[in-house]
$ cat query_36.txt   # compact mmCIF, C-alpha atoms
# COMPACT_ATOMS: atom_id res chain seq x y z
CA MET A 1 167.13 19.07 81.08
CA CYS A 2 165.08 16.49 82.84
CA LEU A 3 167.24 14.56 85.30
CA VAL A 4 170.18 15.87 87.32
CA THR A 5 172.16 14.25 90.08
CA LEU A 6 175.04 16.02 91.79
CA ALA A 7 177.45 15.80 94.67
CA PHE A 8 178.33 19.12 96.30
CA GLN A 9 181.38 19.25 98.56
CA SER A 10 181.04 15.51 99.12
CA HIS A 11 184.23 14.16 97.51
CA PRO A 12 187.80 14.75 98.72
CA ASN A 13 189.09 15.72 95.26
CA TYR A 14 186.04 17.13 93.46
CA PRO A 15 183.89 19.65 95.33
CA LEU A 16 181.41 19.63 92.43
CA ILE A 17 180.24 16.59 90.46
CA VAL A 18 177.19 16.85 88.20
CA VAL A 19 175.63 14.31 85.82
CA ALA A 20 172.55 15.35 83.84
CA ASN A 21 170.30 14.07 81.07
CA ARG A 22 168.45 16.40 78.75
CA ASP A 23 165.18 14.98 77.46
CA GLU A 24 163.55 16.70 74.50
CA TYR A 25 161.63 16.12 71.28
CA TYR A 26 163.92 14.73 68.60
CA ASP A 27 162.87 17.35 66.06
CA ARG A 28 163.71 20.34 68.26
CA PRO A 29 167.00 21.66 66.84
CA ALA A 30 169.99 21.99 69.17
CA ALA A 31 173.73 22.53 68.90
CA GLN A 32 176.26 20.39 70.73
CA ALA A 33 178.25 21.91 73.58
CA ILE A 34 180.92 24.38 72.53
CA PHE A 35 182.28 27.76 73.66
CA TRP A 36 179.79 30.19 72.13
CA SER A 37 181.11 32.58 69.50
CA ASP A 38 178.93 35.41 70.84
CA HIS A 39 179.83 34.66 74.48
CA PRO A 40 183.33 33.13 74.37
CA ASP A 41 183.50 32.41 78.12
CA LEU A 42 180.33 30.26 78.02
CA LEU A 43 180.55 26.52 77.35
CA ALA A 44 177.15 24.94 76.75
CA GLY A 45 174.86 23.23 74.33
CA ARG A 46 172.36 25.54 72.65
CA ASP A 47 168.68 25.31 71.89
CA LEU A 48 168.43 26.59 68.31
CA GLU A 49 164.72 27.31 68.61
CA ALA A 50 164.79 29.75 71.54
CA GLY A 51 168.53 30.45 71.75
CA GLY A 52 169.27 29.52 75.36
CA THR A 53 170.77 26.50 77.07
CA TRP A 54 169.77 23.77 79.49
CA PHE A 55 173.21 23.30 81.10
CA GLY A 56 176.40 25.32 80.99
CA VAL A 57 179.57 26.44 82.72
CA ASN A 58 181.75 29.49 82.21
CA ARG A 59 185.47 30.08 82.50
CA ALA A 60 185.05 31.51 85.98
CA GLY A 61 183.82 28.10 87.15
CA HIS A 62 180.18 29.13 87.56
CA TRP A 63 177.57 26.67 86.31
CA ALA A 64 173.80 26.40 85.98
CA THR A 65 171.10 24.03 84.78
CA VAL A 66 167.31 24.20 84.41
CA THR A 67 164.52 21.62 84.37
CA ASN A 68 160.80 22.02 83.79
CA PHE A 69 157.80 20.76 85.72
CA ARG A 70 155.91 17.85 84.21
CA GLY A 71 152.38 18.73 83.19
CA GLY A 72 150.84 22.04 82.25
CA GLY A 73 152.53 25.41 82.02
CA LEU A 74 151.84 29.04 82.68
CA ALA A 75 151.01 31.75 80.17
CA ALA A 76 154.72 32.29 79.58
CA ASP A 77 156.36 34.80 77.29
CA LEU A 78 160.02 34.08 78.19
CA SER A 79 162.07 30.96 77.50
CA ARG A 80 163.38 28.93 80.43
CA GLY A 81 166.64 28.50 78.52
CA GLU A 82 167.37 32.15 79.33
CA LEU A 83 167.68 31.33 83.03
CA PRO A 84 171.03 29.51 83.05
CA THR A 85 172.24 31.46 80.02
CA ASN A 86 171.79 34.91 81.56
CA TYR A 87 173.42 33.85 84.82
CA LEU A 88 176.50 32.50 83.04
CA ARG A 89 177.00 35.23 80.45
CA ASN A 90 176.34 38.28 82.64
CA GLY A 91 179.42 38.04 84.82
CA SER A 92 177.77 35.44 87.09
CA PRO A 93 176.30 37.77 89.74
CA ARG A 94 175.81 36.53 93.29
CA VAL A 95 173.49 33.61 92.84
CA LYS A 96 170.94 34.64 95.48
CA GLN A 97 170.74 38.11 93.96
CA TYR A 98 170.15 36.61 90.52
CA PHE A 99 167.54 34.19 91.79
CA GLY A 100 165.69 37.03 93.49
CA GLN A 101 165.57 38.92 90.22
CA ILE A 102 164.17 36.04 88.21
CA LEU A 103 161.61 35.05 90.84
CA ASP A 104 160.31 38.61 90.78
CA GLN A 105 159.18 37.83 87.22
CA GLY A 106 158.69 34.10 87.67
CA ASP A 107 155.19 34.15 86.21
CA ARG A 108 156.68 35.04 82.83
CA TYR A 109 158.20 31.54 82.54
CA ASN A 110 156.62 28.12 82.35
CA GLY A 111 157.33 26.08 85.47
CA PHE A 112 161.03 25.72 86.18
CA ASN A 113 163.65 24.50 88.62
CA LEU A 114 167.04 26.18 88.54
CA LEU A 115 170.34 25.07 90.08
CA ALA A 116 173.37 27.32 89.93
CA GLY A 117 176.58 28.22 91.71
CA THR A 118 180.25 27.34 92.12
CA VAL A 119 182.34 24.87 94.09
CA ASN A 120 181.74 27.10 97.12
CA GLU A 121 178.04 27.86 96.77
CA LEU A 122 175.08 25.87 95.46
CA ALA A 123 171.63 27.40 95.18
CA TYR A 124 168.20 26.21 94.07
CA CYS A 125 165.00 27.98 93.14
CA ASN A 126 161.71 27.31 91.40
CA ASN A 127 158.69 29.34 90.34
CA LEU A 128 156.11 26.82 91.49
CA ASN A 129 156.24 28.00 95.09
CA ASN A 130 158.90 30.71 94.63
CA GLU A 131 161.29 28.74 96.81
CA MET A 132 164.93 29.85 96.95
CA SER A 133 167.59 28.23 99.11
CA LEU A 134 171.32 27.77 99.55
CA LEU A 135 172.14 24.08 99.79
CA SER A 136 174.40 22.32 102.27
CA PRO A 137 177.03 19.78 101.19
CA GLY A 138 175.43 16.55 100.03
CA VAL A 139 174.11 14.51 97.12
CA TYR A 140 170.99 15.87 95.39
CA THR A 141 168.63 14.91 92.59
CA LEU A 142 166.37 17.04 90.42
CA SER A 143 163.92 15.94 87.76
CA ASN A 144 160.58 17.45 86.70
CA ASP A 145 159.33 18.13 90.20
CA LEU A 146 160.79 19.81 93.28
CA LEU A 147 164.38 19.20 94.36
CA ASP A 148 164.91 15.73 95.85
CA THR A 149 161.41 14.50 95.00
CA PRO A 150 161.91 10.72 95.40
CA TRP A 151 160.82 9.54 91.96
CA PRO A 152 162.24 6.07 91.25
CA LYS A 153 164.58 7.25 88.51
CA ALA A 154 165.87 10.07 90.72
CA GLU A 155 166.56 7.70 93.60
CA LEU A 156 168.34 5.31 91.23
CA ALA A 157 170.41 8.22 89.93
CA ARG A 158 171.37 9.16 93.49
CA GLU A 159 172.39 5.57 94.26
CA LYS A 160 174.44 5.25 91.06
CA LEU A 161 176.24 8.54 91.70
CA GLN A 162 177.01 7.63 95.29
CA GLN A 163 178.52 4.38 94.07
CA ALA A 164 180.53 6.07 91.32
CA ILE A 165 182.11 8.71 93.55
CA THR A 166 183.65 6.20 95.93
CA GLN A 167 186.68 6.31 93.61
CA ASN A 168 189.46 8.82 94.29
CA VAL A 169 189.89 9.68 90.61
CA LEU A 170 186.77 10.24 88.51
CA ARG A 171 186.47 10.10 84.72
CA SER A 172 183.71 11.85 82.86
CA GLU A 173 183.42 9.10 80.26
CA GLU A 174 182.58 6.66 83.08
CA LEU A 175 180.21 9.01 84.91
CA VAL A 176 178.04 9.20 81.79
CA GLU A 177 176.88 5.70 82.74
CA VAL A 178 175.32 6.98 85.98
CA LEU A 179 172.18 7.98 84.06
CA ALA A 180 172.29 5.30 81.36
CA SER A 181 169.62 2.92 82.65
CA ARG A 182 166.69 2.41 80.25
CA GLN A 183 164.79 0.02 82.48
CA CYS A 184 161.19 1.06 83.25
CA PHE A 185 159.97 0.82 86.83
CA PRO A 186 156.90 -1.19 87.94
CA ASP A 187 153.62 0.69 87.81
CA GLY A 188 153.22 0.63 91.58
CA HIS A 189 156.39 2.71 91.99
CA LEU A 190 155.50 5.41 89.47
CA PRO A 191 154.30 8.91 90.37
CA ASP A 192 150.97 10.23 89.12
CA THR A 193 151.79 13.49 87.41
CA GLY A 194 148.66 13.70 85.28
CA VAL A 195 150.11 12.39 82.00
CA GLY A 196 148.56 8.90 82.12
CA ILE A 197 150.07 5.56 83.00
CA GLU A 198 151.49 4.82 79.54
CA MET A 199 153.43 8.07 79.55
CA GLU A 200 154.49 7.57 83.17
CA ARG A 201 156.02 4.25 82.09
CA THR A 202 157.75 5.85 79.11
CA LEU A 203 159.23 8.62 81.24
CA SER A 204 160.19 6.43 84.20
CA PRO A 205 163.79 5.43 83.29
CA PRO A 206 166.73 7.81 83.74
CA PHE A 207 167.45 7.42 80.00
CA ILE A 208 164.32 7.78 77.86
CA VAL A 209 163.80 6.34 74.38
CA ALA A 210 160.36 6.95 72.85
CA HIS A 211 158.98 7.44 69.35
CA SER A 212 159.34 11.22 69.10
CA TYR A 213 160.91 12.16 72.44
CA GLY A 214 163.82 11.01 74.53
CA THR A 215 167.21 11.66 76.06
CA ARG A 216 169.15 13.90 73.69
CA CYS A 217 172.39 14.20 75.66
CA THR A 218 174.16 13.30 78.87
CA THR A 219 176.41 15.95 80.40
CA VAL A 220 179.07 15.54 83.09
CA LEU A 221 180.71 18.41 84.96
CA LEU A 222 183.64 17.86 87.30
CA ILE A 223 185.40 20.70 89.13
CA GLY A 224 188.43 19.80 91.23
CA LYS A 225 189.90 21.42 94.33
CA GLN A 226 192.43 23.37 92.27
CA GLY A 227 189.77 24.74 89.94
CA ASN A 228 190.32 22.22 87.16
CA VAL A 229 187.13 21.96 85.13
CA GLU A 230 186.19 18.92 83.07
CA PHE A 231 183.04 19.13 80.96
CA ALA A 232 181.85 16.19 78.85
CA GLU A 233 178.81 15.68 76.65
CA GLN A 234 177.53 12.65 74.79
CA THR A 235 174.69 13.33 72.39
CA PHE A 236 172.08 10.79 71.32
CA LEU A 237 169.31 10.41 68.79
CA ARG A 238 166.61 7.81 69.42
CA GLY A 239 168.82 6.15 71.96
CA ARG A 240 171.93 5.86 69.79
CA PRO A 241 175.12 7.89 70.36
CA VAL A 242 175.80 10.61 67.82
CA GLY A 243 179.57 10.78 67.38
CA ASP A 244 182.08 10.46 70.19
CA ILE A 245 181.87 11.99 73.64
CA ARG A 246 182.96 15.66 73.58
CA GLN A 247 185.33 16.65 76.40
CA TYR A 248 186.66 20.06 77.43
CA ARG A 249 189.21 20.81 80.16
CA PHE A 250 190.30 24.18 81.51
CA THR A 251 191.21 25.89 84.76
CA ALA A 252 188.58 28.17 86.27
CA GLN A 253 189.66 31.79 86.23
CA GLY A 254 187.51 32.87 89.15
$ encode --input "query_36.txt" --output "C-alpha cells"
Amino acid sequence: MCLVTLAFQSHPNYPLIVVANRDEYYDRPAAQAIFWSDHPDLLAGRDLEAGGTWFGVNRAGHWATVTNFRGGGLAADLSRGELPTNYLRNGSPRVKQYFGQILDQGDRYNGFNLLAGTVNELAYCNNLNNEMSLLSPGVYTLSNDLLDTPWPKAELAREKLQQAITQNVLRSEELVEVLASRQCFPDGHLPDTGVGIEMERTLSPPFIVAHSYGTRCTTVLLIGKQGNVEFAEQTFLRGRPVGDIRQYRFTAQG
C-alpha cells in the first residue's frame, strides 16, 4: 500500500473514512478482497507471494494498513504483510500493546509505516525511528515516508478527501475517485528520495501507471456512528479496471 488518506472523527456521520491505493509490480500475485477462509472474520486482499495483506478490516470493526519506505531496505526476514494481518486475526489486541511488540523486533522487517485502530482509537508507528503515537481527530496522509510528509500527491489526496467529505452521505464508489489522479507533478515539486528524477516523475501521481509497476487497487473503508462498515475495492491492471468494484457491508460486532 503506497498512498493512504483518512479522516478520523472528522465527519458527523462517519468517524472513520479511509481511501488507499496499493502500488505493486504487476506480476506479483494477489487475491482480491474477500473474507478469508482460514480467518473468516478478516476481510482483506491477500498477497499470494508472502501470504499477508496490505489493508484489512475485521468483523469487530478493527482495521489496519501498511506502507513501505521508498528506497533501500533492511536485512529483513519477516514480511511487512504480517503486520496488519496479525493485528486483525489475533483478536485485535490493544493497538499500543501490539505496536510495542512489533517495534521490539522492528529490525526484522524492511522499512514500514503502520496505521491501525477503530473508530475510537487511531495509532501510527514505523520502524525507521521506532515512533509510536496515538493520533488526534483530523485528516491524515501516509505514503512511502513518515506520516503527513507533504509530498505533492499526499497533499492532493488530503485536499480531495476534505472536499469529498463535505457531503452528509458518503458513497464508496465515489470516494474511489479521491486517489484517481494520474497527473504527474512538475519536477520542482518532487521529493528527492534517491530513485532518480525519472522514477520520481513516474511515482508522483496518486494513481501510478508504469510499464511493470503501478496502482493495483483502490480501497475505501467507511465506518458509521452505529458501527455500520462499508468496504469497497476496485482492482486495476496497467491502469485499467479489472471487473466491477467489490463492496461489502456489515455491522461491527465489537
$ residues_around --input "query_36.txt" --residues "Val57 in chain A" --least-positions-apart "5" --cutoff "10 Å" --atoms "only C-alpha atoms" --output "PyMOL selection string"
chain A and resi 35+41-44+62-65+84-85+87-89+116-118+221+229+231+252
$ residues_around --input "query_36.txt" --residues "Thr5 in chain A" --least-positions-apart "2" --cutoff "7 Å" --atoms "all atoms listed in the file" --output "list of chain:residue names"
A:Leu3, A:Val18, A:Val19, A:Ala20, A:Tyr140, A:Thr141, A:Leu142, A:Ala157, A:Arg158
$ atom_distance --input "query_36.txt" --atom1 "CA of Thr218 in chain A" --atom2 "CA of Leu146 in chain A"
20.7 Å
$ residues_around --input "query_36.txt" --residues "Asp23 in chain A" --least-positions-apart "2" --cutoff "12 Å" --atoms "only C-alpha atoms" --output "ChimeraX atom specification"
/A:1-4,20-21,25-28,30,54,66-68,70,143-144,179,202-210,212-219,235-239
$ closest_residue --input "query_36.txt" --among "A:Ile17, A:Gly106, A:Pro150, A:Glu49" --to "Ala164 in chain A" --atoms "all atoms listed in the file"
A:Ile17
$ closest_residue --input "query_36.txt" --among "A:Leu135, A:Leu48, A:Met199, A:Cys125" --to "Leu103 in chain A" --atoms "all atoms listed in the file"
A:Cys125
$ closest_residue --input "query_36.txt" --among "A:Val169, A:Leu134, A:Ala60, A:Val178" --to "Phe250 in chain A" --atoms "all atoms listed in the file"
A:Ala60
$ axis_aligned_box --input "query_36.txt" --around "range 45-50 of chain A" --padding-each-side "4 Å" --output "AutoDock Vina command-line options"
--center_x 169.8 --center_y 26.5 --center_z 71.3 --size_x 18.1 --size_y 14.5 --size_z 14.0
$ closest_residue --input "query_36.txt" --among "A:Gln163, A:Glu131, A:Gly196, A:Ala180" --to "Arg240 in chain A" --atoms "only C-alpha atoms"
A:Ala180
$ residues_near_point --input "query_36.txt" --point "(183.5, 10.2, 89.3)" --cutoff "10 Å" --atoms "all atoms listed in the file" --output "PyMOL selection string"
chain A and resi 7+11+13-14+17-19+161-176+178+220-222
$ atom_distance --input "query_36.txt" --atom1 "CA of Gln247 in chain A" --atom2 "CA of His211 in chain A"
28.8 Å
$ closest_residue --input "query_36.txt" --among "A:Glu230, A:Leu128, A:Glu200, A:Val139" --to "Glu159 in chain A" --atoms "all atoms listed in the file"
A:Val139
$ atom_distance --input "query_36.txt" --atom1 "CA of Gly138 in chain A" --atom2 "CA of Phe8 in chain A"
5.4 Å
$ closest_residue --input "query_36.txt" --among "A:Gly100, A:Leu16, A:Trp151, A:Gly56" --to "Gln32 in chain A" --atoms "all atoms listed in the file"
A:Gly56
